[in-house]
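Asker: Please find final_3.cif (mmCIF, C-alpha atoms and all ligand atoms) on the next line:
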```
data_query
#
loop_
_atom_site.label_atom_id
_atom_site.label_comp_id
_atom_site.auth_asym_id
_atom_site.auth_seq_id
_atom_site.Cartn_x
_atom_site.Cartn_y
_atom_site.Cartn_z
CA MET M 932 8.74 13.66 -21.97
CA LYS M 933 9.07 10.15 -23.31
CA TYR M 934 11.78 8.23 -21.44
CA ILE M 935 12.10 7.36 -17.76
CA ASP M 936 15.41 9.26 -17.34
CA GLU M 937 13.66 12.48 -18.27
CA PHE M 938 11.41 12.10 -15.20
CA ARG M 939 14.58 11.95 -13.05
CA ASP M 940 16.30 15.03 -14.41
CA GLY M 941 18.08 16.90 -11.61
CA THR M 942 17.98 20.30 -13.31
CA LEU M 943 14.24 20.08 -13.85
CA ALA M 944 13.78 18.88 -10.25
CA ARG M 945 15.68 21.91 -8.96
CA GLY M 946 13.51 24.12 -11.16
CA LEU M 947 10.37 22.64 -9.65
CA ALA M 948 11.86 23.01 -6.15
CA ALA M 949 12.52 26.70 -6.86
CA ALA M 950 8.92 27.15 -8.03
CA ILE M 951 7.61 25.46 -4.86
CA ALA M 952 9.83 27.66 -2.66
CA ARG M 953 8.69 30.75 -4.57
CA GLU M 954 4.99 29.96 -4.39
CA ALA M 955 4.76 28.45 -0.90
CA SER M 956 3.62 31.22 1.40
CA ALA M 957 6.14 31.82 4.20
CA ASP M 958 3.40 32.44 6.79
CA ARG M 959 1.81 29.02 6.62
CA CYS M 960 2.64 25.29 6.52
CA TYR M 961 1.66 22.81 3.84
CA ASN M 962 1.13 19.34 5.31
CA LEU M 963 0.81 16.87 2.45
CA MET M 964 0.27 13.13 2.75
CA GLU M 965 1.64 10.83 0.09
CA PHE M 966 -0.76 7.92 0.35
CA CYS M 967 1.36 5.41 -1.56
CA GLY M 968 4.48 3.59 -0.50
CA GLY M 969 5.75 4.11 -4.04
CA HIS M 970 5.80 7.86 -3.44
CA THR M 971 7.41 7.38 -0.01
CA HIS M 972 10.11 5.33 -1.74
CA ALA M 973 10.69 8.02 -4.40
CA ILE M 974 10.86 10.79 -1.78
CA SER M 975 13.49 8.87 0.21
CA ARG M 976 15.45 7.50 -2.73
CA TYR M 977 15.83 10.82 -4.55
CA GLY M 978 16.11 13.00 -1.45
CA LEU M 979 13.09 15.10 -2.46
CA LYS M 980 12.48 16.25 1.10
CA ASP M 981 15.85 18.02 1.00
CA LEU M 982 14.67 20.05 -2.00
CA LEU M 983 11.53 21.31 -0.27
CA PRO M 984 11.22 24.43 1.88
CA ALA M 985 10.86 23.79 5.64
CA ASN M 986 7.17 24.71 5.63
CA VAL M 987 6.25 21.95 3.13
CA ASN M 988 5.94 18.75 5.17
CA MET M 989 5.49 15.30 3.70
CA ILE M 990 3.52 12.80 5.81
CA HIS M 991 3.72 9.09 4.94
CA GLY M 992 0.40 7.33 4.38
CA PRO M 993 -0.69 3.69 4.65
CA GLY M 994 -0.44 2.77 0.96
CA CYS M 995 2.00 -0.12 1.22
CA PRO M 996 0.27 -3.47 0.61
CA VAL M 997 2.32 -5.61 2.98
CA CYS M 998 2.49 -2.90 5.67
CA VAL M 999 -1.28 -2.86 6.18
CA LEU M 1000 -1.70 -6.64 6.25
CA PRO M 1001 -2.74 -7.55 9.80
CA ILE M 1002 -0.80 -10.22 11.69
CA GLY M 1003 -3.90 -12.39 12.07
CA ARG M 1004 -4.19 -12.88 8.30
CA ILE M 1005 -0.53 -13.91 8.02
CA ASP M 1006 -1.07 -16.37 10.89
CA ASN M 1007 -4.03 -17.73 8.89
CA ALA M 1008 -1.77 -18.20 5.84
CA ILE M 1009 0.91 -19.96 7.91
CA GLU M 1010 -1.75 -22.32 9.33
CA LEU M 1011 -2.98 -23.05 5.81
CA ALA M 1012 0.56 -23.80 4.64
CA ALA M 1013 0.93 -26.26 7.52
CA ARG M 1014 -1.90 -28.46 6.17
CA PRO M 1015 -0.51 -31.74 4.80
CA GLY M 1016 0.02 -31.63 1.03
CA LEU M 1017 -1.04 -28.01 0.60
CA ILE M 1018 1.02 -25.59 -1.51
CA LEU M 1019 0.73 -21.90 -0.57
CA CYS M 1020 1.73 -19.38 -3.26
CA THR M 1021 2.32 -15.69 -2.60
CA TYR M 1022 4.29 -12.60 -3.65
CA ALA M 1023 7.87 -12.28 -2.36
CA ASP M 1024 7.39 -9.31 0.00
CA THR M 1025 4.63 -11.13 1.86
CA MET M 1026 7.07 -13.88 2.82
CA ARG M 1027 9.00 -11.70 5.28
CA VAL M 1028 6.16 -9.95 7.11
CA PRO M 1029 6.42 -10.77 10.83
CA ALA M 1030 3.60 -12.92 12.16
CA SER M 1031 2.83 -14.24 15.67
CA LYS M 1032 5.37 -16.20 17.76
CA GLY M 1033 8.34 -14.79 15.83
CA LEU M 1034 7.19 -16.56 12.69
CA SER M 1035 6.84 -15.42 9.08
CA LEU M 1036 5.97 -17.30 5.91
CA LEU M 1037 9.70 -17.49 5.15
CA LYS M 1038 10.41 -19.10 8.53
CA ALA M 1039 7.47 -21.46 8.09
CA LYS M 1040 8.94 -22.45 4.72
CA ALA M 1041 12.31 -23.09 6.38
CA ARG M 1042 10.49 -25.41 8.81
CA GLY M 1043 9.17 -27.48 5.93
CA ALA M 1044 5.92 -25.87 4.76
CA ASP M 1045 5.54 -25.84 0.98
CA ILE M 1046 5.34 -22.08 0.41
CA ARG M 1047 6.28 -20.77 -3.02
CA MET M 1048 7.11 -17.24 -4.14
CA VAL M 1049 5.33 -16.31 -7.34
CA TYR M 1050 5.58 -13.32 -9.67
CA SER M 1051 1.92 -13.39 -10.65
CA SER M 1052 -1.37 -15.13 -9.99
CA ALA M 1053 -0.82 -16.95 -13.31
CA ASP M 1054 2.17 -18.75 -11.72
CA ALA M 1055 -0.15 -20.05 -9.00
CA ILE M 1056 -2.57 -21.35 -11.65
CA ARG M 1057 0.32 -23.11 -13.40
CA ILE M 1058 1.45 -24.73 -10.13
CA ALA M 1059 -2.13 -25.97 -9.54
CA GLN M 1060 -2.18 -27.47 -13.04
CA GLU M 1061 1.18 -29.16 -12.47
CA HIS M 1062 0.03 -30.67 -9.15
CA PRO M 1063 -3.53 -31.92 -9.69
CA ASP M 1064 -3.21 -34.20 -6.63
CA ARG M 1065 -2.45 -31.30 -4.26
CA GLU M 1066 -4.39 -28.32 -2.96
CA VAL M 1067 -2.92 -24.99 -4.11
CA VAL M 1068 -3.86 -21.73 -2.37
CA PHE M 1069 -2.91 -18.29 -3.68
CA PHE M 1070 -2.45 -15.88 -0.73
CA ALA M 1071 -3.64 -12.73 -2.51
CA ILE M 1072 -2.83 -9.31 -1.07
CA GLY M 1073 -2.70 -5.75 -2.31
CA PHE M 1074 -4.64 -2.70 -3.39
CA GLU M 1075 -6.69 -2.21 -6.56
CA THR M 1076 -3.57 -2.72 -8.70
CA THR M 1077 -3.19 -6.42 -7.90
CA THR M 1078 -6.90 -7.22 -7.62
CA PRO M 1079 -7.60 -7.64 -11.38
CA PRO M 1080 -4.89 -10.32 -11.84
CA THR M 1081 -6.39 -12.26 -8.91
CA ALA M 1082 -9.82 -11.98 -10.55
CA VAL M 1083 -8.32 -13.31 -13.79
CA ALA M 1084 -6.89 -16.32 -11.93
CA ILE M 1085 -10.25 -17.13 -10.31
CA VAL M 1086 -12.16 -16.83 -13.59
CA GLN M 1087 -9.51 -18.95 -15.30
CA ALA M 1088 -9.62 -21.61 -12.57
CA ALA M 1089 -13.41 -21.79 -12.92
CA ALA M 1090 -13.16 -22.07 -16.71
CA LEU M 1091 -10.53 -24.81 -16.48
CA GLY M 1092 -12.42 -26.68 -13.75
CA LEU M 1093 -9.29 -26.43 -11.61
CA ALA M 1094 -10.83 -27.84 -8.43
CA ASN M 1095 -7.55 -27.89 -6.46
CA PHE M 1096 -7.03 -24.09 -6.78
CA SER M 1097 -8.36 -21.48 -4.37
CA VAL M 1098 -7.57 -17.92 -3.29
CA PHE M 1099 -7.17 -16.55 0.23
CA CYS M 1100 -8.37 -13.05 -0.58
CA ASN M 1101 -6.95 -10.04 1.28
CA HIS M 1102 -7.43 -7.31 -1.30
CA VAL M 1103 -8.08 -3.86 0.17
CA LEU M 1104 -9.49 -0.60 -1.16
CA THR M 1105 -7.71 2.74 -1.26
CA PRO M 1106 -10.66 5.17 -1.04
CA SER M 1107 -11.90 3.57 2.20
CA ALA M 1108 -8.46 3.98 3.79
CA ILE M 1109 -8.28 7.65 2.81
CA ALA M 1110 -11.76 8.22 4.26
CA ASN M 1111 -10.69 6.45 7.47
CA ILE M 1112 -7.66 8.74 7.82
CA LEU M 1113 -9.76 11.84 7.22
CA GLU M 1114 -12.32 10.65 9.79
CA SER M 1115 -9.69 9.73 12.40
CA LYS M 1116 -9.61 11.70 15.62
CA GLU M 1117 -5.98 12.66 14.98
CA VAL M 1118 -7.09 14.56 11.88
CA ARG M 1119 -10.60 15.71 12.83
CA GLU M 1120 -10.42 16.35 16.56
CA ILE M 1121 -7.01 16.65 18.12
CA GLY M 1122 -5.23 17.85 15.01
CA THR M 1123 -2.05 15.87 15.65
CA VAL M 1124 -2.04 15.06 11.94
CA PRO M 1125 -2.72 18.32 10.11
CA LEU M 1126 -3.54 17.40 6.52
CA ASP M 1127 -3.76 20.01 3.79
CA GLY M 1128 -3.78 17.71 0.79
CA PHE M 1129 -3.02 14.30 -0.69
CA ILE M 1130 -0.73 12.98 -3.37
CA GLY M 1131 -3.01 10.32 -4.85
CA PRO M 1132 -1.85 6.83 -5.86
CA ALA M 1133 -0.30 6.17 -9.26
CA HIS M 1134 -0.81 2.49 -10.12
CA VAL M 1135 -4.07 2.17 -8.19
CA SER M 1136 -5.50 5.11 -10.12
CA THR M 1137 -4.66 3.52 -13.48
CA VAL M 1138 -7.32 0.95 -12.51
CA ILE M 1139 -9.93 2.95 -10.58
CA GLY M 1140 -9.37 6.31 -12.32
CA SER M 1141 -9.42 9.74 -10.68
CA GLN M 1142 -13.18 9.89 -10.18
CA PRO M 1143 -13.31 8.08 -6.75
CA TYR M 1144 -11.21 10.85 -5.15
CA GLU M 1145 -13.68 13.58 -6.07
CA TYR M 1146 -15.74 12.70 -2.99
CA PHE M 1147 -12.82 13.45 -0.61
CA ALA M 1148 -11.96 16.69 -2.27
CA GLU M 1149 -15.55 17.87 -2.04
CA GLU M 1150 -16.67 16.37 1.27
CA TYR M 1151 -13.48 16.96 3.29
CA ARG M 1152 -12.24 20.04 1.43
CA ARG M 1153 -8.82 18.50 0.77
CA PRO M 1154 -7.10 18.76 -2.62
CA VAL M 1155 -5.86 15.55 -4.27
CA VAL M 1156 -3.24 15.38 -7.02
CA ILE M 1157 -2.71 11.97 -8.59
CA ALA M 1158 0.97 11.55 -9.39
CA GLY M 1159 3.34 9.06 -10.99
CA PHE M 1160 6.17 7.46 -9.02
CA GLU M 1161 9.09 9.28 -10.62
CA PRO M 1162 10.75 12.17 -8.72
CA LEU M 1163 9.59 14.86 -11.14
CA ASP M 1164 6.02 13.50 -10.89
CA VAL M 1165 6.16 13.93 -7.12
CA MET M 1166 7.70 17.41 -7.27
CA GLN M 1167 5.14 18.54 -9.85
CA ALA M 1168 2.30 17.16 -7.68
CA ILE M 1169 3.63 19.05 -4.65
CA LEU M 1170 3.69 22.27 -6.68
CA MET M 1171 0.11 21.63 -7.84
CA LEU M 1172 -1.01 21.02 -4.23
CA VAL M 1173 0.71 24.19 -3.01
CA ARG M 1174 -1.12 26.12 -5.71
CA GLN M 1175 -4.48 24.60 -4.74
CA CYS M 1176 -3.87 25.41 -1.06
CA ASN M 1177 -2.93 29.00 -1.94
CA ASP M 1178 -6.07 29.40 -4.05
CA GLY M 1179 -8.32 27.77 -1.43
CA ARG M 1180 -9.28 25.12 -3.97
CA ALA M 1181 -10.01 21.46 -3.12
CA GLU M 1182 -10.06 19.65 -6.46
CA VAL M 1183 -8.86 16.40 -7.91
CA GLU M 1184 -6.06 17.07 -10.37
CA ASN M 1185 -4.21 14.51 -12.41
CA GLU M 1186 -0.46 14.90 -12.85
CA PHE M 1187 -0.14 11.30 -14.11
CA THR M 1188 -2.05 11.91 -17.34
CA ARG M 1189 0.23 9.54 -19.24
CA ALA M 1190 -1.46 6.60 -17.48
CA VAL M 1191 -4.55 7.73 -15.53
CA THR M 1192 -7.95 8.79 -16.83
CA ARG M 1193 -11.01 9.91 -14.88
CA GLU M 1194 -12.80 6.62 -15.59
CA GLY M 1195 -9.88 4.22 -15.10
CA ASN M 1196 -9.65 0.81 -16.73
CA ALA M 1197 -13.22 -0.27 -17.53
CA LYS M 1198 -12.25 -3.84 -18.40
CA ALA M 1199 -10.32 -4.37 -15.16
CA LYS M 1200 -13.13 -2.83 -13.08
CA ALA M 1201 -15.74 -5.06 -14.76
CA LEU M 1202 -13.65 -8.14 -14.07
CA VAL M 1203 -13.22 -7.20 -10.40
CA ALA M 1204 -16.98 -6.58 -10.11
CA GLU M 1205 -17.65 -10.00 -11.65
CA VAL M 1206 -15.56 -11.86 -9.06
CA PHE M 1207 -15.52 -9.78 -5.87
CA GLU M 1208 -17.91 -7.99 -3.54
CA LEU M 1209 -17.39 -5.66 -0.58
CA ARG M 1210 -16.66 -7.02 2.87
CA ARG M 1211 -18.64 -5.36 5.63
CA SER M 1212 -15.41 -4.71 7.55
CA PHE M 1213 -11.72 -5.61 7.37
CA GLU M 1214 -8.85 -5.12 9.79
CA TRP M 1215 -5.95 -2.99 8.59
CA ARG M 1216 -2.67 -2.90 10.45
CA GLY M 1217 -2.51 0.56 11.97
CA LEU M 1218 -6.03 1.63 11.08
CA GLY M 1219 -7.95 -1.17 12.85
CA GLU M 1220 -11.33 -2.30 11.53
CA VAL M 1221 -12.28 -0.20 8.50
CA PRO M 1222 -15.84 -0.57 7.17
CA TYR M 1223 -16.26 -1.62 3.54
CA SER M 1224 -12.52 -1.43 2.94
CA ALA M 1225 -11.79 -4.84 1.42
CA LEU M 1226 -13.10 -7.42 -1.02
CA ARG M 1227 -14.23 -11.00 -0.71
CA ILE M 1228 -14.97 -13.59 -3.37
CA LYS M 1229 -18.56 -13.77 -4.58
CA GLU M 1230 -20.74 -16.80 -3.90
CA ARG M 1231 -20.65 -17.89 -7.54
CA TYR M 1232 -16.87 -18.49 -7.22
CA ARG M 1233 -17.11 -20.08 -3.77
CA ALA M 1234 -15.41 -23.24 -5.05
CA HIS M 1235 -12.22 -21.18 -5.38
CA ASP M 1236 -12.56 -19.27 -2.10
CA ALA M 1237 -10.00 -20.58 0.41
CA GLU M 1238 -11.78 -18.83 3.29
CA ALA M 1239 -14.90 -20.89 2.64
CA ARG M 1240 -13.07 -24.11 1.71
CA TYR M 1241 -10.88 -24.18 4.84
CA ALA M 1242 -13.26 -22.36 7.21
CA ILE M 1243 -10.59 -19.75 7.99
CA ALA M 1244 -11.40 -17.89 11.19
CA CYS M 1245 -10.11 -14.31 11.25
CA ARG M 1246 -8.70 -13.06 14.53
CA SER M 1247 -7.07 -9.86 15.65
CA VAL M 1248 -3.47 -10.09 16.87
CA PRO M 1249 -1.67 -7.05 18.38
CA ASP M 1250 1.66 -5.81 16.97
CA ASN M 1251 4.95 -6.29 18.76
CA LYS M 1252 4.87 -3.84 21.71
CA ALA M 1253 8.02 -2.05 20.53
CA CYS M 1254 6.66 -1.47 17.04
CA GLU M 1255 5.18 1.89 16.02
CA CYS M 1256 3.96 0.73 12.59
CA GLY M 1257 0.34 1.50 13.48
CA ALA M 1258 1.09 5.14 14.31
CA ILE M 1259 3.38 5.47 11.27
CA LEU M 1260 0.68 4.11 8.95
CA ARG M 1261 -1.77 6.70 10.33
CA GLY M 1262 0.77 9.51 9.78
CA VAL M 1263 0.97 10.16 13.54
CA LYS M 1264 4.65 9.17 13.93
CA LYS M 1265 7.76 8.93 11.79
CA PRO M 1266 10.09 5.92 11.52
CA ILE M 1267 12.71 7.68 13.65
CA ASP M 1268 10.17 7.88 16.50
CA CYS M 1269 10.39 4.10 16.91
CA LYS M 1270 12.93 3.08 19.57
CA VAL M 1271 14.05 -0.02 17.66
CA PHE M 1272 14.39 1.64 14.23
CA GLY M 1273 17.77 0.80 12.71
CA THR M 1274 18.93 -1.13 15.78
CA VAL M 1275 16.85 -4.21 16.50
CA CYS M 1276 14.62 -3.58 13.46
CA THR M 1277 16.36 -3.47 10.07
CA PRO M 1278 15.37 -4.68 6.59
CA GLU M 1279 17.38 -7.88 7.28
CA ASN M 1280 15.55 -8.43 10.56
CA PRO M 1281 12.18 -6.64 10.36
CA ILE M 1282 10.21 -6.43 13.60
CA GLY M 1283 7.29 -4.63 12.00
CA SER M 1284 5.71 -4.65 8.56
CA CYS M 1285 6.91 -1.13 7.62
CA MET M 1286 10.50 -2.43 7.50
CA VAL M 1287 9.73 -5.29 5.09
CA SER M 1288 8.87 -3.92 1.67
CA SER M 1289 10.84 -1.17 -0.06
CA GLU M 1290 7.54 0.74 -0.08
CA GLY M 1291 7.36 0.67 3.72
CA ALA M 1292 8.22 4.01 5.37
CA CYS M 1293 10.77 2.47 7.77
CA ALA M 1294 12.52 0.49 5.04
CA ALA M 1295 12.66 3.55 2.76
CA HIS M 1296 14.10 5.73 5.53
CA TYR M 1297 16.64 3.10 6.52
CA THR M 1298 17.72 2.07 3.03
CA TYR M 1299 18.41 5.60 1.85
CA GLY M 1300 19.82 6.83 5.18
CA ARG M 1301 17.28 9.63 5.44
CA TYR M 1302 17.47 9.59 9.24
CA ARG M 1303 21.13 10.61 9.06
CA ASP M 1304 20.53 14.13 7.80
CA ALA M 1305 17.78 16.17 9.38
CA GLU M 1306 16.80 13.74 12.11
CA PRO M 1307 18.79 12.46 15.11
CA ALA M 1308 20.54 9.19 14.28
CA PRO M 1309 19.23 6.05 15.97
CA GLU M 1310 21.33 4.70 18.83
CA ARG M 1311 23.13 1.66 17.55
CA ALA M 1312 22.97 -1.57 19.46
CA GLY M 1313 26.25 -3.06 20.67
S1 LIG Q 1 11.29 0.49 12.87
FE1 LIG Q 1 10.48 -1.60 12.77
S2 LIG Q 1 9.46 -1.92 14.71
FE2 LIG Q 1 9.75 0.29 14.46
S3 LIG Q 1 7.87 1.02 13.52
FE3 LIG Q 1 9.29 0.58 11.87
S4 LIG Q 1 8.84 -1.53 11.30
FE4 LIG Q 1 7.85 -1.22 13.30
#
```
As structure tokens, what does this structure read like?
Ligand code: SF4

Answerer:
Amino acid sequence: MKYIDEFRDGTLARGLAAAIAREASADRCYNLMEFCGGHTHAISRYGLKDLLPANVNMIHGPGCPVCVLPIGRIDNAIELAARPGLILCTYADTMRVPASKGLSLLKAKARGADIRMVYSSADAIRIAQEHPDREVVFFAIGFETTTPPTAVAIVQAAALGLANFSVFCNHVLTPSAIANILESKEVREIGTVPLDGFIGPAHVSTVIGSQPYEYFAEEYRRPVVIAGFEPLDVMQAILMLVRQCNDGRAEVENEFTRAVTREGNAKAKALVAEVFELRRSFEWRGLGEVPYSALRIKERYRAHDAEARYAIACRSVPDNKACECGAILRGVKKPIDCKVFGTVCTPENPIGSCMVSSEGACAAHYTYGRYRDAEPAPERAG
């Protein structure tokens, strides 16, 4: 297949659904976690769950960059933006993530802070060049997909001698999060999250390759199939996982061969290794402190490290009491389990981070009305 429409072909999707139904053994369940928000989005948007037999369950994972950003780091960014003369640049989704005291970057901007939405780290560099008399901070978030562009910006700033540019680094690592889920008591001890296999990330894997997942498959005996974000990619990956479960295999397979290799992108990985190093620990929303799960800027680029320049103190801030994002990100609960889903919390007025980005499980369920079919509808306010 060559064109995007071909990966959305309904007839082929129904054919894959029939193969899954045929091959899924009726006397067992298949509990499969899609790690990425992109897959969650595709499952909701194209109604893939409706095509699957009842014993194939999809569990949403934590792979949505804004969903896992802890409140304390957004508070830090808002405090930075409040410094006189400072310009804070960030990606659009980050603007709406709820912070402490009912604030968000968008609300802080409305109150007068100079916060600018950018499409890329290169935009932040340009803004720093245009305003040599002002400090410009790029609030960098995301998984391995967005890390290389941040590394490019830092290297470029160093080469240009752009002294007014720095990065507040919040880049996190996918393999550590998967390990954390597999080590969690819900999976290992109490079994509230039965996990038979993973659909592995698409874009992340174009950078890191399929090799890092081999450890999970071997150590935890869970199959992983790396899949693209189109509906046929997801259906094909589910079929491949069902086959692995039936055969008792736990291997890393690659459905997304049109973009992912075992080794990944060597140039991007070298660039990331040049600029960043592992943090000992980092707080994830929902998962808590996860060891060696995030990156920080190396000493040699300290001049462009906002954490060092502004002595940013990290602190842990609990979620809104009504919000179940933490449990949803761990696969323990579903969006519909949250009492404020679709009533107080909507994409226009997100209470938790999972309702902000289209990749968030709550936003995907709400936007495509998935709660209306198989699940009880939320009670509407008013
Ligand atoms: S519906 Fe809103 S408050 Fe509830 S878990 Fe989802 S994001 Fe959090």

Asker: Taking only C-alpha atoms and all ligand atoms into account, report as a VMD selection string which residues have an atom no farther than 9 Å from an atom of ligand LIG 1 (chain Q).

Answerer: chain M and resid 998 1250 to 1259 1264 to 1278 1280 to 1287 1291 to 1294 1297

Asker: Provide an axis-aligned box for all listed atoms of range 1017-1031 of chain M, padding each side by 8 Å; report its centre and its edge lengths in Å to one decimal, as AutoDock Vina command-line options.

Answerer:
```
--center_x 4.0 --center_y -18.7 --center_z 6.0 --size_x 26.0 --size_y 34.7 --size_z 35.3
```

Asker: Using only C-alpha atoms for the distances, tell me which of M:Ile1009, M:Leu1209, M:Val1165, M:Val1221 is nearest to Lys1032 in chain M.

Answerer: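 Once distances to Lys1032 in chain M are computed over only C-alpha atoms, the minimum belongs to M:Ile1009.
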
Asker: Write out as a list in words which residues come within 9 Å of Gly1219 in chain M when counting only C-alpha atoms, dropping same-chain ones fewer than 5 positions away.

Answerer: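 The filter keeps Pro1001, Phe1213, Glu1214 and Gly1257 of chain M.
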
Asker: Would you put the residues from that selection into a file with C-alpha atoms, as an mmCIF file, in the frame of the given file?

Answerer:
```
data_model
loop_
_atom_site.group_PDB
_atom_site.id
_atom_site.type_symbol
_atom_site.label_atom_id
_atom_site.label_comp_id
_atom_site.auth_asym_id
_atom_site.auth_seq_id
_atom_site.Cartn_x
_atom_site.Cartn_y
_atom_site.Cartn_z
ATOM 1 C CA PRO M 1001 -2.740 -7.550 9.800
ATOM 2 C CA PHE M 1213 -11.720 -5.610 7.370
ATOM 3 C CA GLU M 1214 -8.850 -5.120 9.790
ATOM 4 C CA GLY M 1257 0.340 1.500 13.480
#
```

Asker: Considering all atoms listed in the file, can you say which of M:Phe1147, M:Ala1059, M:Arg1119, M:Pro1079 comes closest to Lys1198 in chain M?

Answerer: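 Comparing M:Phe1147, M:Ala1059, M:Arg1119, M:Pro1079 against Lys1198 in chain M, the winner is M:Pro1079.
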
Asker: Which distance in Å separates CA of Thr971 in chain M and CA of Ala1168 in chain M, to one decimal?

Answerer: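 One can read the CA of Thr971 in chain M to CA of Ala1168 in chain M distance as 13.4 Å.
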